[in-house]
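Novice: Pasting final.cif below, which is mmCIF, C-alpha atoms.
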data_start
loop_
_atom_site.label_atom_id
_atom_site.label_comp_id
_atom_site.auth_asym_id
_atom_site.auth_seq_id
_atom_site.Cartn_x
_atom_site.Cartn_y
_atom_site.Cartn_z
CA MET A 160 201.35 63.68 -18.77
CA ASP A 161 199.16 66.48 -20.17
CA THR A 162 196.04 64.64 -19.00
CA ILE A 163 197.43 64.29 -15.47
CA ALA A 164 198.46 67.94 -15.43
CA SER A 165 194.98 69.00 -16.46
CA LEU A 166 193.57 67.23 -13.40
CA PHE A 167 195.45 69.74 -11.23
CA SER A 168 194.37 72.77 -13.25
CA PHE A 169 192.58 74.14 -10.18
CA ILE A 170 195.98 75.04 -8.68
CA THR A 171 197.54 76.23 -11.95
CA TRP A 172 196.53 79.86 -11.48
CA PRO A 173 198.01 80.18 -7.91
CA VAL A 174 201.29 78.57 -9.03
CA SER A 175 201.57 80.78 -12.11
CA TRP A 176 200.78 83.88 -10.01
CA VAL A 177 203.59 83.05 -7.52
CA ILE A 178 206.07 82.57 -10.39
CA VAL A 179 205.06 85.91 -11.91
CA GLN A 180 205.60 87.71 -8.58
CA PHE A 181 209.06 86.23 -8.16
CA HIS A 182 209.86 87.02 -11.79
CA THR A 183 208.99 90.68 -11.19
CA VAL A 184 211.59 90.82 -8.39
CA TYR A 185 214.37 88.91 -10.16
CA GLY A 186 213.62 90.59 -13.52
CA ALA A 187 214.46 93.96 -11.99
CA ILE A 188 217.88 92.58 -10.98
CA PHE A 189 218.95 90.29 -13.86
CA GLY A 190 216.64 91.43 -16.66
CA PRO A 191 213.09 90.19 -17.43
CA ASP A 192 214.06 87.96 -20.38
CA THR A 193 217.06 86.18 -18.79
CA GLY A 194 217.22 82.61 -17.71
CA TRP A 195 218.39 83.73 -14.25
CA ALA A 196 215.15 85.63 -13.65
CA TRP A 197 212.89 82.73 -14.67
CA GLY A 198 215.13 80.01 -13.20
CA LEU A 199 215.39 81.72 -9.80
CA SER A 200 211.62 82.25 -9.86
CA ILE A 201 211.13 78.48 -10.13
CA VAL A 202 213.73 77.83 -7.39
CA SER A 203 211.98 80.34 -5.11
CA LEU A 204 208.66 78.61 -5.80
CA VAL A 205 210.20 75.32 -4.60
CA ILE A 206 211.58 76.91 -1.43
CA LEU A 207 208.20 78.53 -0.66
CA ILE A 208 206.35 75.24 -1.12
CA ARG A 209 208.81 73.29 1.03
CA ILE A 210 208.62 75.86 3.81
CA CYS A 211 204.83 75.46 3.78
CA LEU A 212 205.30 71.68 3.99
CA ILE A 213 207.55 71.81 7.09
CA PRO A 214 204.62 71.01 9.49
CA LEU A 215 203.84 67.98 7.34
CA PHE A 216 207.52 67.00 7.44
CA VAL A 217 207.50 67.22 11.24
CA LYS A 218 204.42 65.01 11.31
CA GLN A 219 206.26 62.56 9.08
CA ILE A 220 209.18 62.43 11.54
CA LYS A 221 206.81 61.79 14.46
CA ALA A 222 205.11 59.00 12.54
CA THR A 223 208.50 57.48 11.76
CA ARG A 224 209.45 57.63 15.44
CA GLY A 225 206.15 55.91 16.22
CA MET A 226 207.16 53.11 13.88
CA GLN A 227 210.43 52.80 15.77
CA THR A 228 208.66 52.40 19.11
CA LEU A 229 206.63 49.53 17.65
CA GLN A 230 209.69 47.57 16.59
CA PRO A 231 209.84 45.40 19.76
CA GLU A 232 206.22 44.37 19.16
CA MET A 233 206.99 43.76 15.50
CA LYS A 234 209.90 41.54 16.48
CA LYS A 235 207.63 39.47 18.73
CA ILE A 236 205.14 39.04 15.91
CA GLN A 237 207.90 37.98 13.53
CA GLU A 238 209.21 35.39 15.98
CA ARG A 239 205.72 34.09 16.81
CA TYR A 240 204.58 33.72 13.18
CA LYS A 241 207.91 33.20 11.45
CA ASN A 242 206.56 30.22 9.53
CA ASP A 243 203.26 31.88 8.55
CA LYS A 244 203.90 34.99 6.44
CA GLN A 245 200.22 35.70 5.84
CA ARG A 246 199.35 35.65 9.54
CA GLN A 247 202.44 37.77 10.22
CA SER A 248 201.24 40.44 7.76
CA GLU A 249 197.73 40.38 9.28
CA GLU A 250 199.09 40.89 12.79
CA MET A 251 201.32 43.72 11.56
CA MET A 252 198.36 45.53 9.99
CA LYS A 253 196.35 44.99 13.16
CA LEU A 254 199.16 46.54 15.20
CA TYR A 255 199.29 49.57 12.87
CA LYS A 256 195.55 50.03 13.23
CA GLU A 257 195.57 49.79 17.04
CA THR A 258 198.44 52.27 17.46
CA GLY A 259 197.34 54.65 14.69
CA THR A 260 200.64 54.48 12.77
CA ASN A 261 201.07 54.46 9.01
CA PRO A 262 204.08 52.78 7.37
CA LEU A 263 203.57 54.93 4.26
CA SER A 264 204.00 58.19 6.16
CA SER A 265 207.39 58.78 4.51
CA CYS A 266 205.59 59.42 1.22
CA LEU A 267 203.47 62.27 2.59
CA PRO A 268 205.75 65.16 1.48
CA ILE A 269 205.96 63.74 -2.04
CA LEU A 270 202.20 63.30 -2.29
CA ALA A 271 201.55 66.77 -0.90
CA GLN A 272 203.74 68.55 -3.43
CA SER A 273 202.52 66.54 -6.42
CA PRO A 274 199.74 69.06 -7.28
CA PHE A 275 202.30 71.90 -7.40
CA PHE A 276 204.58 69.81 -9.59
CA PHE A 277 201.90 69.01 -12.16
CA ALA A 278 200.60 72.59 -12.09
CA LEU A 279 204.09 73.90 -12.91
CA TYR A 280 204.38 71.31 -15.68
CA HIS A 281 201.07 72.55 -17.10
CA VAL A 282 202.29 76.18 -17.07
CA LEU A 283 205.64 75.39 -18.72
CA ASN A 284 204.02 73.15 -21.30
CA GLY A 285 201.72 76.06 -22.17
CA ILE A 286 204.77 78.30 -22.60
CA ALA A 287 206.32 75.77 -24.99
CA SER A 288 203.12 75.57 -27.07
CA GLY A 289 202.59 79.37 -26.97
CA ASP A 290 199.44 79.33 -24.81
CA THR A 291 198.79 81.76 -21.97
CA ILE A 292 197.86 79.94 -18.77
CA GLY A 293 196.80 81.41 -15.43
CA ALA A 294 198.62 84.63 -14.56
CA VAL A 295 201.03 84.30 -17.52
CA ASN A 296 199.86 86.84 -20.12
CA GLN A 297 201.16 87.30 -23.66
CA ASP A 298 204.09 89.56 -22.68
CA LEU A 299 205.26 87.15 -19.98
CA LEU A 300 204.81 84.28 -22.43
CA GLU A 301 207.18 85.86 -24.95
CA SER A 302 209.66 86.70 -22.17
CA ALA A 303 209.65 83.11 -20.89
CA GLN A 304 210.21 81.74 -24.40
CA LYS A 305 213.33 83.89 -24.76
CA ALA A 306 214.77 82.70 -21.42
CA HIS A 307 217.60 80.13 -21.65
CA ILE A 308 219.20 78.14 -18.83
CA PHE A 309 222.77 77.25 -19.85
CA GLY A 310 221.73 77.50 -23.50
CA ALA A 311 218.55 75.44 -23.17
CA PRO A 312 215.13 77.16 -23.45
CA LEU A 313 212.93 77.00 -20.35
CA ALA A 314 210.16 75.04 -22.10
CA SER A 315 212.30 72.65 -24.21
CA LYS A 316 212.51 68.87 -23.55
CA PHE A 317 215.05 66.14 -24.25
CA PHE A 318 212.93 64.71 -27.10
CA SER A 319 211.90 68.08 -28.52
CA SER A 320 212.16 68.26 -32.29
CA GLU A 321 214.87 70.29 -33.93
CA SER A 322 212.31 72.66 -35.46
CA ASP A 323 210.69 73.36 -32.07
CA VAL A 324 214.07 74.05 -30.49
CA ALA A 325 215.08 76.28 -33.41
CA ALA A 326 211.88 78.28 -32.95
CA LEU A 327 213.05 79.02 -29.39
CA SER A 328 216.45 80.22 -30.69
CA ALA A 329 218.50 77.25 -29.40
CA SER A 330 220.30 74.15 -30.69
CA LEU A 331 219.12 70.59 -30.09
CA THR A 332 222.60 69.54 -28.84
CA ASP A 333 222.57 72.16 -26.07
CA VAL A 334 219.07 71.11 -25.01
CA ARG A 335 219.95 67.43 -24.78
CA VAL A 336 223.23 67.99 -22.95
CA VAL A 337 221.60 70.26 -20.36
CA THR A 338 218.57 68.02 -19.85
CA ALA A 339 220.73 64.86 -19.61
CA ILE A 340 222.94 66.42 -16.93
CA MET A 341 219.87 67.57 -14.97
CA ILE A 342 218.26 64.12 -15.19
CA VAL A 343 221.44 62.43 -13.93
CA LEU A 344 221.77 64.92 -11.04
CA MET A 345 218.09 64.52 -10.20
CA SER A 346 218.26 60.72 -10.09
CA ALA A 347 221.57 60.70 -8.20
CA SER A 348 220.30 63.10 -5.53
CA GLN A 349 217.16 61.00 -5.06
CA PHE A 350 219.20 57.78 -4.72
CA PHE A 351 221.64 59.38 -2.26
CA THR A 352 218.75 60.69 -0.14
CA GLN A 353 217.12 57.27 0.16
CA ARG A 354 220.43 55.47 0.68
CA GLN A 355 221.37 57.89 3.45
CA LEU A 356 218.10 57.09 5.15
CA MET A 357 218.56 53.33 4.84
CA THR A 358 222.22 53.11 5.91
CA LYS A 359 222.37 55.70 8.68
CA ASN A 360 218.93 56.40 10.12
CA VAL A 361 217.26 53.00 10.33
CA ASP A 362 217.42 50.54 13.23
CA THR A 363 218.72 47.41 11.50
CA THR A 364 218.15 45.10 14.50
CA VAL A 365 214.54 44.53 13.45
CA LYS A 366 213.42 43.95 9.87
CA THR A 367 210.03 45.52 9.23
CA PRO A 368 207.87 46.11 6.13
CA PHE A 369 208.75 49.78 6.51
CA MET A 370 212.41 48.99 5.85
CA GLN A 371 211.52 46.90 2.81
CA GLN A 372 209.43 49.76 1.41
CA GLN A 373 212.26 52.25 1.91
CA LYS A 374 214.69 49.88 0.21
CA MET A 375 212.34 49.51 -2.72
CA LEU A 376 211.90 53.29 -3.03
CA MET A 377 215.68 53.73 -3.00
CA TYR A 378 215.90 51.96 -6.38
CA VAL A 379 212.47 52.70 -7.87
CA PHE A 380 212.43 56.50 -7.58
CA PRO A 381 215.74 57.17 -9.40
CA VAL A 382 214.63 54.91 -12.26
CA MET A 383 211.28 56.71 -12.44
CA PHE A 384 212.99 60.11 -12.60
CA ALA A 385 215.33 58.89 -15.33
CA VAL A 386 212.46 57.45 -17.41
CA PHE A 387 210.00 60.32 -17.04
CA GLY A 388 212.67 63.05 -16.93
CA VAL A 389 213.19 62.93 -20.69
CA ASN A 390 209.62 64.22 -21.09
CA PHE A 391 210.00 67.06 -18.56
CA PRO A 392 210.64 70.64 -19.72
CA VAL A 393 213.85 72.23 -18.51
CA GLY A 394 211.87 74.39 -16.07
CA VAL A 395 210.32 71.28 -14.46
CA LEU A 396 213.77 69.66 -14.21
CA VAL A 397 214.97 72.78 -12.37
CA TYR A 398 211.98 72.49 -10.04
CA TRP A 399 212.51 68.79 -9.27
CA LEU A 400 216.29 69.05 -8.91
CA THR A 401 215.85 71.89 -6.41
CA THR A 402 213.28 69.80 -4.53
CA ASN A 403 215.68 66.84 -4.29
CA VAL A 404 218.54 69.02 -3.07
CA TRP A 405 216.27 70.60 -0.43
CA THR A 406 215.08 67.16 0.72
CA MET A 407 218.65 65.85 0.93
CA GLY A 408 219.83 68.81 3.03
CA GLN A 409 216.76 68.67 5.27
CA GLN A 410 217.24 64.96 5.87
CA MET A 411 220.95 65.38 6.62
CA TYR A 412 220.04 67.95 9.28
CA VAL A 413 217.46 65.63 10.87
CA ILE A 414 219.79 62.61 10.82
CA ARG A 415 222.57 64.60 12.44
CA ASN A 416 220.49 66.27 15.18
CA ASN A 417 217.54 63.93 15.75
CA PRO A 418 218.56 60.41 14.66
CA THR A 419 216.49 57.28 14.91
CA PRO A 420 217.15 55.22 18.09
CA GLY A 421 219.32 52.19 17.44
CA SER A 422 220.76 53.53 14.17
CA LYS A 423 224.35 54.31 13.24
CA ALA A 424 223.45 57.99 13.19
CA GLN A 425 222.41 57.79 16.86
CA ALA A 426 225.74 56.22 17.85
CA SER A 427 227.62 59.04 16.11
CA TYR A 428 225.33 61.67 17.66
CA LEU A 429 225.79 60.28 21.19
CA GLU A 430 229.57 60.30 20.75
CA ARG A 431 229.45 63.98 19.83
CA LEU A 432 227.00 64.69 22.65
CA HIS A 433 229.22 62.91 25.20
CA LYS A 434 232.21 64.97 24.11
CA SER A 435 230.22 68.21 24.37
CA VAL A 436 228.68 67.36 27.76
CA THR A 437 231.97 66.28 29.34
CA GLU A 438 233.64 69.43 28.04
CA HIS A 439 230.99 71.87 29.32
CA GLY A 440 229.60 69.80 32.20
CA LYS A 441 225.97 70.20 31.08
CA THR A 442 223.51 69.95 28.20
CA ARG A 443 223.36 73.31 26.46
CA ARG A 444 220.47 73.01 23.98
CA ARG A 445 216.86 71.99 24.32
CA GLY A 446 217.28 69.23 21.74
CA GLU A 447 220.13 67.69 23.73
CA LYS A 448 218.01 67.73 26.89
CA ALA A 449 215.18 65.97 25.05
CA ILE A 450 217.56 63.23 23.86
CA VAL A 451 219.04 62.68 27.35
CA LYS A 452 215.56 62.70 28.92
CA ALA A 453 214.37 60.00 26.51
CA ILE A 454 217.46 57.86 27.21
CA VAL A 455 217.05 58.11 30.99
CA ALA A 456 213.35 57.22 30.74
CA LYS A 457 214.14 53.98 28.89
CA GLY A 458 215.92 52.43 31.88
CA ARG A 459 216.86 48.83 31.14
CA ASP A 460 215.47 49.06 27.60
CA ARG A 461 218.40 51.20 26.38
CA ASN A 462 220.30 50.02 23.34
CA GLU A 463 224.07 49.53 23.22
CA ALA A 464 224.90 53.11 22.14
CA GLU A 465 222.69 54.58 24.88
CA ARG A 466 224.23 52.39 27.58
CA LYS A 467 227.69 53.38 26.39
CA PHE A 468 226.69 57.04 26.62
CA ILE A 469 225.37 56.72 30.20
CA ASN A 470 228.44 54.75 31.31
CA GLY A 471 230.70 57.36 29.74
CA LEU A 472 228.99 60.09 31.76
CA ASN A 473 229.43 58.05 34.95
CA LYS A 474 233.13 57.57 34.24
CA ALA A 475 233.50 61.32 33.83
CA GLY A 476 231.82 61.95 37.21
CA LEU A 477 228.53 63.12 35.67
CA ALA A 478 224.98 61.89 36.11
CA ALA A 479 222.05 62.21 33.68
CA GLN A 480 218.84 63.44 35.30
CA ALA A 481 215.24 62.57 34.47
CA ASP A 482 214.57 66.11 33.19
CA GLY A 483 217.38 65.88 30.62
CA ASN A 484 219.98 67.88 32.54
CA VAL A 485 223.45 66.54 33.36
CA VAL A 486 224.99 67.36 36.75
CA LYS A 487 228.22 66.50 38.51
CA SER A 488 227.97 63.35 40.58
CA ASP A 489 229.40 63.65 44.14
CA THR A 490 228.64 60.07 45.17
CA ALA A 491 230.90 57.26 44.00
CA VAL A 492 228.23 55.15 42.34
CA ALA A 493 229.73 52.29 40.39
CA ALA A 494 228.71 52.01 36.74
CA GLN A 495 228.85 48.88 34.65
CA SER A 496 231.03 49.39 31.57
CA ALA A 497 230.50 47.81 28.18
CA ASP A 498 233.07 45.02 28.73
CA GLY A 499 231.57 44.07 32.10
CA SER A 500 234.32 45.48 34.36
CA THR A 501 233.24 47.68 37.26
CA VAL A 502 234.46 51.27 37.28
CA THR A 503 233.88 54.18 39.61
CA PRO A 504 232.48 57.53 38.39
CA ALA A 505 235.94 59.05 38.67
CA GLY A 506 237.16 56.64 36.02
CA GLN A 507 239.40 54.54 38.34
CA PRO A 508 238.91 50.78 38.05
CA LYS A 509 237.61 49.11 41.18
CA ARG A 510 240.17 46.79 42.86
CA GLN A 511 239.41 43.16 42.16
CA GLN A 512 239.66 40.62 45.02
CA PRO A 513 241.80 37.52 44.26
CA LYS A 514 239.92 34.32 43.69
CA ARG A 515 239.97 31.76 46.47
CA GLN A 516 241.92 28.64 45.55
CA SER A 517 240.52 25.17 45.93
CA LYS A 518 242.05 22.53 48.17
CA SER A 519 243.67 20.69 45.24
CA GLN A 520 245.20 23.95 43.93
CA ARG A 521 246.69 24.75 47.33
CA GLN A 522 248.23 21.25 47.63
CA ALA A 523 249.75 21.22 44.11
CA LYS A 524 252.60 23.72 44.71
CA PRO A 525 255.85 24.02 42.74
CA ALA A 526 258.90 22.30 44.12
CA GLY A 527 260.75 25.58 44.60
CA GLU A 528 258.16 27.04 47.00
CA THR A 529 258.41 26.51 50.73
CA ASP A 530 255.45 25.04 52.50
CA SER A 531 254.06 27.86 54.56
CA LYS A 532 252.48 25.54 57.11
CA THR A 533 255.76 23.70 57.77
CA SER A 534 257.76 26.86 58.16
CA LEU A 535 255.16 28.43 60.43
CA THR A 536 254.91 25.44 62.71
CA LYS A 537 258.66 25.37 63.10
CA SER A 538 258.90 29.07 63.82
CA ASP A 539 256.07 28.99 66.33
CA GLU A 540 257.85 26.48 68.58
CA PRO A 541 259.40 27.89 71.76
CA GLN A 542 263.16 28.05 71.61
CA ASP A 543 263.84 27.99 75.45
CA ALA A 544 264.85 24.32 75.50
CA GLU A 545 268.21 25.00 73.89
CA PRO A 546 270.70 27.82 74.04
CA ALA A 547 270.70 30.41 71.27
CA ASP A 548 274.11 29.36 69.86
CA LYS A 549 272.97 25.75 69.40
CA GLN A 550 269.77 26.89 67.70
CA ASP A 551 271.77 29.03 65.26
CA ALA A 552 274.07 26.12 64.50
CA LYS A 553 271.13 23.85 63.81
CA GLN A 554 269.54 26.44 61.52
CA GLN A 555 272.77 26.77 59.51
CA ALA A 556 273.33 23.03 59.27
CA LYS A 557 269.70 22.32 58.31
CA PRO A 558 269.23 22.11 54.51
CA ALA A 559 266.48 24.08 52.79
CA ALA A 560 263.15 22.39 53.26
CA GLY A 561 261.95 23.17 49.72
CA ALA A 562 265.14 21.92 48.05
CA LYS A 563 265.04 18.26 49.09
CA LYS A 564 261.74 17.68 50.82
CA PRO A 565 258.59 17.41 48.75
CA ALA A 566 255.54 19.36 49.83
CA GLN A 567 253.80 17.72 52.78
CA LYS A 568 250.43 16.20 52.31
CA SER A 569 247.29 17.51 53.87
CA GLY A 570 247.28 16.76 57.57
CA SER A 571 251.08 16.40 57.84
CA GLY A 572 251.32 19.76 59.57
CA GLY A 573 249.34 18.49 62.58
CA ARG A 574 251.44 15.32 62.84
CA SER A 575 254.68 17.32 62.59
CA LYS A 576 253.49 19.61 65.33
CA ALA A 577 252.59 16.68 67.51
CA GLN A 578 255.98 15.04 66.99
CA SER A 579 257.81 18.22 67.83
CA GLY A 580 256.34 18.12 71.36
CA GLN A 581 257.88 14.72 72.14
CA ARG A 582 260.94 14.47 74.35
CA LYS A 583 264.35 14.01 72.86
CA GLY A 584 266.46 10.86 73.05
CA PRO A 585 265.65 7.25 72.25
CA GLN A 586 261.97 6.63 71.91
CA ARG A 587 260.05 3.79 73.45
CA PRO A 588 259.01 1.21 70.88
CA LYS A 589 255.28 0.95 70.22
CA SER A 590 255.12 -2.86 70.51
CA PRO A 591 257.48 -5.53 71.79
CA SER A 592 257.30 -7.40 68.47
CA LYS A 593 259.15 -4.55 66.68
CA LYS A 594 262.25 -4.34 68.89
#
Please go through the file and, once you have read it, give me the structure as structure tokens.
Specialist:
Amino acid sequence: MDTIASLFSFITWPVSWVIVQFHTVYGAIFGPDTGWAWGLSIVSLVILIRICLIPLFVKQIKATRGMQTLQPEMKKIQERYKNDKQRQSEEMMKLYKETGTNPLSSCLPILAQSPFFFALYHVLNGIASGDTIGAVNQDLLESAQKAHIFGAPLASKFFSSESDVAALSASLTDVRVVTAIMIVLMSASQFFTQRQLMTKNVDTTVKTPFMQQQKMLMYVFPVMFAVFGVNFPVGVLVYWLTTNVWTMGQQMYVIRNNPTPGSKAQASYLERLHKSVTEHGKTRRRGEKAIVKAIVAKGRDRNEAERKFINGLNKAGLAAQADGNVVKSDTAVAAQSADGSTVTPAGQPKRQQPKRQSKSQRQAKPAGETDSKTSLTKSDEPQDAEPADKQDAKQQAKPAAGAKKPAQKSGSGGRSKAQSGQRKGPQRPKSPSKK
């Protein structure tokens, strides 16, 4: 570790100078020899470095979004070369090269802050050994050696000897308890950060090498911190724990307000956005307009959560515009809901027309129903041939057609109508042989 730290000695002096400046401020408040003054100086150094790395973090997000846009092409490559893993990897690398994307872009913030980390380790290791490094002179060296964080000296380690810890006016038990708690918190925060990224902010519909790398980092990094953390001074553990907490909070903000398309975080975000838009009737922030604009531009390529969001706006009588704004829709344009039923923008379901029955379904009627054709043909006949009182008597004496008569077959209505036009009385036989 000392050899690696010496490689970054070119940045040791700037890091030590920043710590000394912060110590001057906090020393005037808490006292120059207190652990609060030196601990807060290290925390402030972390915050300053991470603020300087925000442009790099934004570039990382853009690169990650670029990876998301390539997922349809990645899926095609996987399906085309699903039996040839080597050719699949070659085509993936060719796609990365053509589009200018880098699957390792998520490691950029860690790589960028590595020089600051090793420079701080070099400074604190010099404090533990009693050497002045960079802007830390002899007076500041003695002040830093007296500083304790929860009973543990700033430059002590988990495996420090009892004599070294006693020289810094502390007990070995306090040092090991404090360092063990910091190592556990550091590893747990790193694992939670990676797990949050994998479970909430990744489109799981397509498996890519990027996802496999993130999954590997989720388990590798916490183990690395636990293994190497026992050799870190307490000041370095404060630095790295602060870095992990900052990264976790920064990532939670990004996942909540700018989630990856197709992820669970996007579905939750669109639900909140739909509630806000329907309540106020418009998009209020620039970030919301950018999200709506991107969804409208996708057209038929929208995922399930995006289609649900657009349909929800239509049901509420709103329409998303190409510029990201949401306006009230005056035209009753039907929108297709998630279950396939057609609904109007006002939210009222469109009236469904009954299905037309087939000929066999119309013929197979229950015995209790009256044949509509028979009853209509009978009612359409003129009633002038008989007086009204005789017709009423016949109607009362006539039994119900549906009670005793079965339903007439197809074509019986025409024959019944033809027979009703014949004259009354004895009929003439059709042939002499049937007299």
Novice: What is the distance between atom CA of Met341 of chain A and atom CA of Pro274 of chain A, in Å to one decimal?
Specialist: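 So the two atoms, atom CA of Met341 of chain A and atom CA of Pro274 of chain A, lie 21.6 Å apart.
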Novice: With only C-alpha atoms as the counted atoms, please give the residues lying no more than 10 Å from Tyr398 of chain A, apart from itself and same-chain residues fewer than 6 positions off, as a list in words.
Specialist: Gly198, Leu199, Ser200, Ile201, Val202, Ser203, Leu204, Val205, Ile206, Phe276, Leu279, Tyr280 and Pro392 of chain A
Novice: Save the residues we just selected, C-alpha atoms, as a PDB file, keeping the file's coordinate frame?
Specialist:
ATOM      1  CA  GLY A 198     215.130  80.010 -13.200  1.00  0.00           C
ATOM      2  CA  LEU A 199     215.390  81.720  -9.800  1.00  0.00           C
ATOM      3  CA  SER A 200     211.620  82.250  -9.860  1.00  0.00           C
ATOM      4  CA  ILE A 201     211.130  78.480 -10.130  1.00  0.00           C
ATOM      5  CA  VAL A 202     213.730  77.830  -7.390  1.00  0.00           C
ATOM      6  CA  SER A 203     211.980  80.340  -5.110  1.00  0.00           C
ATOM      7  CA  LEU A 204     208.660  78.610  -5.800  1.00  0.00           C
ATOM      8  CA  VAL A 205     210.200  75.320  -4.600  1.00  0.00           C
ATOM      9  CA  ILE A 206     211.580  76.910  -1.430  1.00  0.00           C
ATOM     10  CA  PHE A 276     204.580  69.810  -9.590  1.00  0.00           C
ATOM     11  CA  LEU A 279     204.090  73.900 -12.910  1.00  0.00           C
ATOM     12  CA  TYR A 280     204.380  71.310 -15.680  1.00  0.00           C
ATOM     13  CA  PRO A 392     210.640  70.640 -19.720  1.00  0.00           C
TER      14      PRO A 392
END
Novice: Hey, what's within 12 Å of Val395 of chain A if we count all atoms listed in the file and toss same-chain stuff fewer than 5 positions away? As a PyMOL selection string, please?
Specialist: chain A and resi 197-198+200-202+204-205+275-284+312-316+338+341-342+345+384+387-390+400-402
Novice: With distances taken over all atoms listed in the file, which of A:Phe318, A:Trp172, A:Tyr412, A:Phe391 is nearest to Thr352 of chain A?
Specialist: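 Nearest to Thr352 of chain A: A:Tyr412.
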Novice: Between atom CA of Asn360 of chain A and atom CA of Ser422 of chain A, what distance in Å does the model show, to one decimal?
Specialist: 5.3 Å
Novice: How would you write, as a ChimeraX atom specification, the residues chosen by the PyMOL selection byres ((chain A and resi 423) around 12) on this structure?
Specialist: /A:355-364,414-415,418-422,424-430,462-465
Novice: Kindly resolve the PyMOL selection byres ((chain A and resi 436) around 12) on the present coordinates and return the residues as a ChimeraX atom specification.
Specialist: /A:429-435,437-444,447-448,451,468-469,471-473,475-479,483-487
Novice: Please compute the atom CA of Tyr240 of chain A-atom CA of Gly259 of chain A distance, one decimal, in Å.
Specialist: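 Interatomic distance here is 22.2 Å.
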Novice: Hey, which of A:Asp333, A:Val455, A:Ser302, A:Leu215 ends up closest to His182 of chain A? Count all atoms listed in the file.
Specialist: A:Ser302
